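**Q** Okay, so here is my_file.cif, and as you'll see once you scroll down, it has mmCIF, C-alpha atoms.
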data_protein
loop_
_atom_site.label_atom_id
_atom_site.label_comp_id
_atom_site.auth_asym_id
_atom_site.auth_seq_id
_atom_site.Cartn_x
_atom_site.Cartn_y
_atom_site.Cartn_z
CA MET A 1 14.55 -17.81 -7.71
CA GLU A 2 16.16 -18.75 -10.99
CA GLN A 3 17.67 -16.09 -13.16
CA GLN A 4 17.17 -16.64 -16.84
CA PRO A 5 19.72 -15.32 -19.29
CA GLU A 6 17.20 -13.90 -21.76
CA SER A 7 15.35 -10.79 -20.70
CA THR A 8 11.92 -12.12 -21.71
CA ARG A 9 9.07 -11.86 -19.30
CA ASN A 10 8.45 -14.95 -17.17
CA GLU A 11 5.03 -16.54 -16.92
CA ALA A 12 3.42 -16.56 -13.47
CA SER A 13 1.20 -19.46 -12.37
CA LEU A 14 -1.81 -18.76 -10.15
CA LEU A 15 -0.25 -20.71 -7.30
CA GLN A 16 2.99 -18.71 -7.56
CA LEU A 17 0.96 -15.50 -7.67
CA PHE A 18 -0.88 -16.48 -4.50
CA GLY A 19 2.37 -17.45 -2.75
CA VAL A 20 4.17 -14.24 -3.67
CA PHE A 21 1.33 -11.97 -2.56
CA ALA A 22 0.78 -13.95 0.65
CA LYS A 23 4.47 -13.39 1.39
CA ILE A 24 4.10 -9.69 0.63
CA GLY A 25 0.98 -9.44 2.81
CA ALA A 26 2.71 -11.17 5.70
CA PHE A 27 5.69 -8.80 5.73
CA THR A 28 4.14 -5.44 4.98
CA ILE A 29 4.54 -3.40 8.13
CA GLY A 30 3.54 0.23 8.35
CA GLY A 31 1.00 0.34 5.53
CA GLY A 32 0.91 0.02 1.79
CA TYR A 33 3.88 2.24 1.00
CA ALA A 34 6.24 -0.14 2.73
CA MET A 35 4.90 -2.79 0.40
CA ILE A 36 6.31 -1.15 -2.73
CA SER A 37 9.84 -2.35 -2.09
CA LEU A 38 8.62 -5.84 -1.28
CA ILE A 39 6.49 -6.12 -4.40
CA GLN A 40 9.29 -4.76 -6.55
CA ASN A 41 11.69 -7.27 -5.02
CA GLU A 42 9.36 -10.18 -5.74
CA ILE A 43 7.75 -9.17 -9.04
CA VAL A 44 10.53 -7.37 -10.93
CA ASN A 45 13.27 -9.78 -9.90
CA ARG A 46 11.13 -12.69 -11.08
CA LYS A 47 10.82 -10.82 -14.38
CA TRP A 48 7.04 -10.92 -14.20
CA LEU A 49 7.03 -7.21 -14.92
CA THR A 50 9.61 -4.69 -16.12
CA GLU A 51 10.56 -1.78 -13.88
CA ASP A 52 8.71 0.59 -16.17
CA GLU A 53 5.48 -1.42 -15.98
CA PHE A 54 5.94 -1.60 -12.23
CA ALA A 55 6.18 2.20 -11.94
CA GLU A 56 2.98 2.47 -13.98
CA LEU A 57 1.12 0.04 -11.70
CA ILE A 58 2.19 1.90 -8.54
CA THR A 59 0.91 5.11 -10.08
CA LEU A 60 -2.44 3.50 -10.92
CA ALA A 61 -2.74 1.88 -7.48
CA GLN A 62 -2.20 5.25 -5.84
CA THR A 63 -4.71 7.01 -8.08
CA ALA A 64 -7.55 4.47 -7.72
CA PRO A 65 -9.80 4.46 -4.63
CA GLY A 66 -9.15 1.93 -1.87
CA LEU A 67 -6.07 0.59 -0.16
CA ILE A 68 -2.82 1.03 -2.07
CA ALA A 69 -1.56 -2.43 -1.15
CA VAL A 70 -4.78 -4.11 -2.26
CA ASN A 71 -4.95 -2.05 -5.46
CA MET A 72 -1.38 -3.05 -6.19
CA SER A 73 -2.33 -6.75 -5.97
CA ILE A 74 -5.39 -6.25 -8.17
CA PHE A 75 -3.44 -4.41 -10.90
CA THR A 76 -0.47 -6.78 -10.81
CA GLY A 77 -2.68 -9.89 -10.71
CA PHE A 78 -4.74 -8.62 -13.63
CA ARG A 79 -1.69 -7.69 -15.70
CA LEU A 80 -0.21 -11.15 -15.16
CA ARG A 81 -3.21 -13.50 -15.23
CA GLY A 82 -6.41 -11.53 -15.91
CA VAL A 83 -9.45 -11.51 -13.59
CA LYS A 84 -8.47 -14.81 -11.95
CA GLY A 85 -5.03 -13.44 -11.25
CA SER A 86 -6.40 -10.29 -9.64
CA VAL A 87 -8.72 -12.30 -7.36
CA ILE A 88 -5.95 -14.71 -6.35
CA ALA A 89 -3.38 -11.96 -5.72
CA THR A 90 -5.86 -9.96 -3.65
CA ILE A 91 -6.85 -12.93 -1.50
CA GLY A 92 -3.17 -13.77 -1.12
CA SER A 93 -2.26 -10.33 0.17
CA ILE A 94 -5.24 -10.09 2.54
CA LEU A 95 -5.19 -13.59 4.05
CA PRO A 96 -2.02 -13.40 6.19
CA PRO A 97 -2.86 -10.05 7.88
CA PHE A 98 -6.44 -11.26 8.37
CA LEU A 99 -5.27 -14.43 10.14
CA ILE A 100 -2.63 -12.59 12.19
CA ILE A 101 -5.14 -10.01 13.43
CA LEU A 102 -7.68 -12.74 14.21
CA ALA A 103 -5.08 -14.61 16.24
CA ILE A 104 -4.18 -11.44 18.14
CA ALA A 105 -7.83 -10.53 18.75
CA MET A 106 -8.59 -14.05 19.99
CA LEU A 107 -5.47 -14.91 21.94
CA PHE A 108 -3.55 -11.86 23.11
CA SER A 109 -5.03 -9.10 25.14
CA ASN A 110 -2.91 -5.95 25.43
CA PHE A 111 -0.72 -6.97 22.48
CA GLN A 112 0.17 -3.31 21.95
CA ASP A 113 1.64 -3.06 25.48
CA ASN A 114 3.72 -6.23 25.36
CA PRO A 115 7.36 -5.19 26.02
CA VAL A 116 8.88 -7.75 23.64
CA VAL A 117 6.59 -6.63 20.82
CA LEU A 118 7.39 -2.99 21.58
CA ARG A 119 11.14 -3.60 21.36
CA ILE A 120 10.89 -5.50 18.08
CA PHE A 121 8.81 -2.76 16.50
CA LYS A 122 11.03 -0.01 17.80
CA GLY A 123 13.71 -1.60 15.62
CA ILE A 124 11.48 -2.10 12.59
CA ARG A 125 9.79 1.31 12.38
CA PRO A 126 12.76 3.48 11.32
CA VAL A 127 13.81 0.77 8.85
CA VAL A 128 10.38 0.88 7.20
CA VAL A 129 10.96 4.56 6.40
CA ALA A 130 14.18 3.62 4.58
CA LEU A 131 12.31 0.89 2.71
CA ILE A 132 9.80 3.46 1.49
CA LEU A 133 12.44 6.01 0.44
CA VAL A 134 14.60 3.71 -1.69
CA PRO A 135 11.95 2.73 -4.30
CA MET A 136 10.89 6.37 -4.45
CA ILE A 137 14.44 7.46 -5.29
CA ASN A 138 14.74 4.68 -7.86
CA MET A 139 11.46 5.73 -9.45
CA VAL A 140 12.63 9.33 -9.73
CA ARG A 141 16.06 8.39 -11.10
CA LYS A 142 14.62 6.09 -13.75
CA SER A 143 11.61 8.02 -14.98
CA ASP A 144 12.32 11.71 -14.36
CA ASP A 145 14.21 12.38 -17.57
CA ARG A 146 13.00 15.95 -17.94
CA TRP A 147 13.47 18.89 -15.60
CA TRP A 148 9.74 19.45 -15.12
CA LYS A 149 9.34 15.90 -13.87
CA TRP A 150 11.84 16.54 -11.11
CA LEU A 151 10.00 19.73 -10.30
CA LEU A 152 6.66 17.87 -10.17
CA THR A 153 8.11 15.28 -7.78
CA ALA A 154 9.47 18.04 -5.55
CA ILE A 155 6.19 19.99 -5.58
CA ALA A 156 4.13 16.88 -4.74
CA LEU A 157 6.50 15.93 -1.92
CA CYS A 158 6.65 19.40 -0.36
CA SER A 159 2.98 20.31 -0.71
CA VAL A 160 1.84 17.11 1.02
CA SER A 161 4.47 16.77 3.71
CA PHE A 162 5.07 20.43 4.60
CA LEU A 163 1.89 22.25 3.56
CA ASN A 164 -0.55 19.45 4.51
CA VAL A 165 -2.24 19.44 1.12
CA ASN A 166 -4.49 16.41 0.66
CA PRO A 167 -2.76 13.97 -1.77
CA VAL A 168 -6.11 13.41 -3.50
CA PHE A 169 -6.12 17.07 -4.60
CA VAL A 170 -2.56 16.78 -5.89
CA ILE A 171 -3.47 13.75 -7.99
CA MET A 172 -6.68 15.35 -9.29
CA ALA A 173 -4.88 18.57 -10.23
CA VAL A 174 -2.17 16.68 -12.12
CA ILE A 175 -4.76 14.58 -13.98
CA VAL A 176 -6.67 17.69 -15.06
CA VAL A 177 -3.57 19.63 -16.16
CA PHE A 178 -2.07 16.74 -18.11
CA LEU A 179 -5.43 15.79 -19.63
CA VAL A 180 -5.75 19.32 -21.02
CA VAL A 181 -2.13 19.41 -22.20
CA SER A 182 -2.36 16.06 -23.98
CA LEU A 183 -5.72 16.94 -25.53
CA ILE A 184 -4.13 20.08 -26.98
CA ASN A 185 -1.10 18.13 -28.19
CA ASP A 186 -3.38 15.46 -29.66
CA LYS A 187 -5.35 18.07 -31.59
CA LYS A 188 -2.20 19.69 -32.91
CA PHE A 189 -0.90 16.28 -33.94
CA LYS A 190 -4.10 15.40 -35.75
CA LYS A 191 -4.23 18.76 -37.55
CA THR A 192 -0.70 18.53 -38.81
CA GLY A 193 -0.78 14.77 -39.23
CA LEU A 194 -3.83 14.54 -41.45
CA MET B 1 -28.81 -7.45 11.46
CA ILE B 2 -25.53 -6.26 12.88
CA PHE B 3 -23.75 -8.09 10.06
CA LEU B 4 -25.69 -6.14 7.44
CA GLU B 5 -24.90 -2.86 9.18
CA LEU B 6 -21.25 -3.84 9.53
CA PHE B 7 -21.09 -4.77 5.86
CA TYR B 8 -22.80 -1.59 4.71
CA THR B 9 -20.63 0.65 6.91
CA PHE B 10 -17.33 -0.81 5.75
CA PHE B 11 -18.50 -0.99 2.13
CA ILE B 12 -19.12 2.77 2.17
CA ILE B 13 -15.77 3.38 3.90
CA GLY B 14 -14.00 1.28 1.26
CA ALA B 15 -15.77 3.04 -1.59
CA PHE B 16 -14.84 6.54 -0.48
CA THR B 17 -11.22 6.07 0.49
CA ILE B 18 -8.72 7.60 -1.87
CA GLY B 19 -5.12 7.78 -0.77
CA GLY B 20 -4.74 4.56 1.17
CA GLY B 21 -5.39 3.24 4.65
CA TYR B 22 -4.35 6.31 6.63
CA ALA B 23 -6.97 8.38 4.82
CA MET B 24 -9.48 5.71 5.86
CA LEU B 25 -8.93 6.01 9.62
CA PRO B 26 -10.91 9.21 10.33
CA LEU B 27 -13.80 7.80 8.27
CA ILE B 28 -13.76 4.57 10.26
CA GLN B 29 -13.60 6.46 13.54
CA ASP B 30 -16.54 8.64 12.60
CA GLN B 31 -18.71 5.66 11.64
CA VAL B 32 -17.70 3.05 14.19
CA VAL B 33 -17.11 5.17 17.29
CA ASN B 34 -19.39 8.20 16.79
CA THR B 35 -22.30 7.14 14.59
CA HIS B 36 -22.81 3.52 15.64
CA ALA B 37 -21.05 3.58 19.04
CA TRP B 38 -19.94 -0.01 18.43
CA ILE B 39 -16.59 0.50 20.16
CA SER B 40 -15.16 3.13 22.51
CA ALA B 41 -12.60 5.77 21.52
CA GLN B 42 -10.03 4.04 23.73
CA GLU B 43 -10.61 0.71 21.98
CA PHE B 44 -10.30 2.46 18.62
CA THR B 45 -6.92 3.94 19.56
CA ASP B 46 -5.68 0.52 20.68
CA ILE B 47 -6.90 -1.08 17.47
CA ILE B 48 -5.06 1.49 15.35
CA ALA B 49 -1.87 0.92 17.34
CA ILE B 50 -2.13 -2.84 16.76
CA SER B 51 -2.99 -2.37 13.08
CA GLN B 52 0.15 -0.30 12.59
CA MET B 53 2.34 -2.76 14.43
CA THR B 54 1.18 -5.93 12.73
CA PRO B 55 1.91 -6.84 9.10
CA GLY B 56 -0.65 -6.00 6.44
CA PRO B 57 -2.33 -2.88 5.11
CA ILE B 58 -3.69 -0.65 7.92
CA GLY B 59 -7.16 -0.61 6.36
CA ILE B 60 -7.40 -4.42 6.30
CA ASN B 61 -6.01 -4.85 9.79
CA SER B 62 -8.31 -2.32 11.39
CA ALA B 63 -11.38 -3.65 9.55
CA THR B 64 -10.58 -7.21 10.68
CA TYR B 65 -10.01 -6.15 14.27
CA ILE B 66 -13.03 -3.85 14.46
CA GLY B 67 -15.31 -6.52 12.94
CA TYR B 68 -14.20 -8.90 15.66
CA THR B 69 -14.48 -6.37 18.49
CA VAL B 70 -17.95 -5.14 17.48
CA LEU B 71 -19.35 -8.66 17.70
CA SER B 72 -17.47 -9.55 20.85
CA ASN B 73 -18.71 -6.33 22.53
CA SER B 74 -22.27 -7.41 21.73
CA GLY B 75 -21.62 -10.68 23.57
CA ALA B 76 -21.58 -12.94 20.49
CA SER B 77 -19.86 -16.34 20.35
CA GLN B 78 -16.31 -16.61 19.04
CA PHE B 79 -17.53 -18.07 15.76
CA LEU B 80 -19.76 -15.05 15.17
CA CYS B 81 -16.84 -12.76 16.06
CA VAL B 82 -14.73 -14.38 13.33
CA LEU B 83 -17.66 -13.99 10.95
CA GLY B 84 -17.82 -10.31 11.95
CA SER B 85 -14.18 -9.73 11.11
CA PHE B 86 -14.65 -11.54 7.80
CA THR B 87 -17.67 -9.38 6.99
CA ALA B 88 -15.89 -6.10 7.68
CA THR B 89 -12.73 -7.13 5.79
CA ALA B 90 -14.63 -8.34 2.72
CA ALA B 91 -16.82 -5.23 2.74
CA VAL B 92 -13.89 -2.81 2.90
CA VAL B 93 -12.11 -4.47 -0.03
CA LEU B 94 -15.10 -5.15 -2.30
CA PRO B 95 -15.89 -1.64 -3.63
CA SER B 96 -12.35 -0.76 -4.62
CA PHE B 97 -11.87 -4.26 -6.00
CA LEU B 98 -14.80 -3.75 -8.38
CA ILE B 99 -13.71 -0.22 -9.30
CA VAL B 100 -10.10 -1.23 -9.91
CA LEU B 101 -11.12 -4.28 -11.94
CA GLY B 102 -13.23 -1.95 -14.08
CA MET B 103 -10.19 0.29 -14.48
CA CYS B 104 -8.14 -2.72 -15.57
CA PHE B 105 -10.57 -3.46 -18.40
CA ALA B 106 -10.77 0.19 -19.41
CA LEU B 107 -6.96 0.46 -19.45
CA LYS B 108 -6.71 -2.48 -21.83
CA LYS B 109 -8.50 -0.29 -24.37
CA PHE B 110 -6.84 3.01 -23.62
CA SER B 111 -3.33 2.07 -22.56
CA GLU B 112 -1.95 2.84 -26.02
CA SER B 113 -3.73 6.18 -26.40
CA THR B 114 -1.61 9.32 -26.36
CA ILE B 115 -3.91 10.91 -23.79
CA TYR B 116 -3.45 8.07 -21.30
CA LYS B 117 0.30 8.21 -21.85
CA GLY B 118 0.25 11.99 -21.41
CA ILE B 119 -1.56 11.74 -18.07
CA MET B 120 0.77 8.93 -16.95
CA ASP B 121 3.75 11.14 -17.80
CA GLY B 122 2.52 13.63 -15.22
CA LEU B 123 1.24 11.15 -12.65
CA LYS B 124 4.41 9.03 -12.37
CA PRO B 125 6.68 11.77 -10.98
CA THR B 126 3.79 13.05 -8.84
CA VAL B 127 3.24 9.67 -7.21
CA ALA B 128 6.98 9.37 -6.58
CA GLY B 129 6.68 12.67 -4.68
CA LEU B 130 3.68 11.38 -2.72
CA ILE B 131 5.60 8.25 -1.73
CA GLY B 132 8.43 10.49 -0.56
CA ALA B 133 5.93 12.55 1.42
CA ALA B 134 4.65 9.41 3.13
CA ALA B 135 8.21 8.62 4.20
CA VAL B 136 8.88 12.19 5.35
CA MET B 137 5.71 12.19 7.46
CA LEU B 138 6.83 8.99 9.19
CA ILE B 139 9.98 10.77 10.41
CA ASN B 140 8.67 11.80 13.81
CA THR B 141 9.79 11.36 17.41
CA GLU B 142 7.61 8.29 17.81
CA ASN B 143 9.40 6.37 15.06
CA PHE B 144 12.79 8.03 15.64
CA PRO B 145 13.12 8.38 19.42
CA ASP B 146 16.95 8.30 19.56
CA TRP B 147 20.23 8.01 17.62
CA LYS B 148 19.92 4.23 17.49
CA SER B 149 16.83 4.49 15.32
CA TRP B 150 18.68 6.88 12.96
CA LEU B 151 21.53 4.39 12.75
CA LEU B 152 19.06 1.61 11.91
CA PHE B 153 17.46 3.86 9.30
CA GLY B 154 20.80 4.76 7.70
CA THR B 155 22.02 1.17 7.65
CA ALA B 156 18.79 -0.13 6.14
CA PHE B 157 18.85 2.63 3.54
CA LEU B 158 22.39 1.82 2.42
CA VAL B 159 21.80 -1.94 2.46
CA HIS B 160 18.58 -1.66 0.48
CA TYR B 161 19.97 0.88 -1.97
CA PHE B 162 23.25 -0.84 -2.77
CA THR B 163 22.52 -4.57 -2.36
CA LYS B 164 19.87 -6.98 -3.54
CA ILE B 165 19.27 -8.44 -0.07
CA ASN B 166 15.62 -9.45 0.29
CA VAL B 167 13.44 -6.83 1.99
CA ILE B 168 11.89 -9.48 4.23
CA LEU B 169 15.33 -10.34 5.60
CA ILE B 170 15.99 -6.65 6.29
CA ILE B 171 12.72 -6.37 8.25
CA ILE B 172 13.41 -9.54 10.26
CA ALA B 173 16.96 -8.37 11.03
CA ALA B 174 15.61 -4.97 12.17
CA GLY B 175 13.17 -6.71 14.52
CA ILE B 176 15.89 -8.88 16.04
CA ILE B 177 18.25 -5.91 16.46
CA GLY B 178 15.44 -3.88 17.99
CA TYR B 179 14.78 -6.63 20.52
CA PHE B 180 18.42 -6.62 21.65
CA ILE B 181 19.22 -2.90 21.67
CA TYR B 182 16.02 -1.58 23.29
#
The structure given in the file should be rewritten as structure tokens.

**A**
Amino acid sequence: MEQQPESTRNEASLLQLFGVFAKIGAFTIGGGYAMISLIQNEIVNRKWLTEDEFAELITLAQTAPGLIAVNMSIFTGFRLRGVKGSVIATIGSILPPFLIILAIAMLFSNFQDNPVVLRIFKGIRPVVVALILVPMINMVRKSDDRWWKWLLTAIALCSVSFLNVNPVFVIMAVIVVFLVVSLINDKKFKKTGL
Amino acid sequence: MIFLELFYTFFIIGAFTIGGGYAMLPLIQDQVVNTHAWISAQEFTDIIAISQMTPGPIGINSATYIGYTVLSNSGASQFLCVLGSFTATAAVVLPSFLIVLGMCFALKKFSESTIYKGIMDGLKPTVAGLIGAAAVMLINTENFPDWKSWLLFGTAFLVHYFTKINVILIIIAAGIIGYFIY
């Protein structure tokens, strides 16, 4: 990975896009959330996207239907190289897990009871939690510049993890509230602006 | 015929999942175990365990594995089993792929609008909270059975927060350490 002195965005080739997402797909353990750190590591450090754009894409990936990890590849691929990019990135992130699962289904019976596998994953599982927490903290530190944003983060976290509220409802509620607020602001702006 | 049913079932599952792979699991169970009786409840539990342990999104892993198992339970050849896993995987991705691609085009038009920016202003901190919730919910006795796992967690947190060491290296190191200390 070469670091360029200027802070301009680097161009991503389709082959690079495929390689990066295949790498991400092969090392995502414990679901899409664990992928966030990996994608950030690969995409932001390569200067394909800024951290702000990255935060926006995570938000979109979480809001859209489907798997977060797959949505993340579609949005990133599209942002970087259009429709082709989104197809390539998606195939890249799906192919390694697909092949790994096929190999396990064909070759290993009782994979989940294998003692070596169990020991390796006993080490990885707590680490995955740390890998999910760090990008979350970074996101909050960088984008929550107002007190109500901190409050919103805290409310979302507590309502889902302690009160068992469905995350879909949280997202829907926020969309509705902020749609109304920005429509009102927009109207005010137009009235005074014209 | 079974391929069409498999495709249709996973297409519907993919279309109605909001909130990622974990939200998908009860839907899959209902369709694959209860409605179609393609696999047993015990097999389903095993498949989920394997999907969580292996790399890749849970939704992809379980679709791939279930596609394979459904065909192999019906006594099909290995080639058809692979085709089954391909069918289920493609079907689960396709609906959200089309929806998200549509969103991409729509966003190109609206991404500068004040309303989109207003909604994003609210959604960004919310999603950060949801990511935090996902991490909090993973803190259970299964993932954290003893003090060693807390030590691993703390070390990984500090390393990832304060250094630029590649995440993949952190995961590999955790696996190697796990092998030796457990």

**Q** Once the PyMOL selection byres ((chain A) within 6 of (chain B)) is applied to the coordinates I shared, what remains selected? I want it as a ChimeraX atom specification.

**A** /A:25-32,38,59,65-68,97,112,119-120,122-127,129-130,136,149,152-153,156-157,161,175,178-179,182

**Q** What's the separation between atom CA of A:Asn110 and atom CA of A:Ser93, in Å to one decimal place?

**A**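 Separation between atom CA of A:Asn110 and atom CA of A:Ser93: 25.6 Å.
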
**Q** Leaving out stretch 40-43 of chain A and any residue of its chain fewer than 3 positions from it, which residues lie within 9 Å of it when counting only C-alpha atoms, given as number ranges by chain?

**A** A: 20-21, 24, 35-37, 46-51, 54, 76, 135; B: 164, 166-167

**Q** Would you work out the distance separating atom CA of B:Leu4 from atom CA of A:Ile100, expressed in Å to one decimal?

**A**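 Between these atoms lies a distance of 24.4 Å.
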
**Q** What's the separation between atom CA of A:Leu60 and atom CA of A:Ile171, in Å to one decimal place?

**A**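 So the answer is 10.7 Å.
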
**Q** When you count all atoms listed in the file, which of these residues is closest to B:Leu71: B:Thr9, B:Val32, B:Trp38, B:Gly102?

**A**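 Closest candidate: B:Trp38.
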
**Q** List the neighbours of stretch 9-17 of chain A out to 12 Å using only C-alpha atoms; skip same-chain residues closer than 4 positions along the sequence, and give me the result as a ChimeraX atom specification.

**A** /A:1-5,21-24,39,42-51,53,73-74,76-93

**Q** Would you give the centre and edge lengths, in Å to one decimal, of a box along x, y and z around the listed atoms of stretch 21-38 of chain B, with 8 Å added to each side, as AutoDock Vina command-line options?

**A**
--center_x -13.6 --center_y 4.6 --center_z 11.8 --size_x 34.5 --size_y 25.2 --size_z 30.4
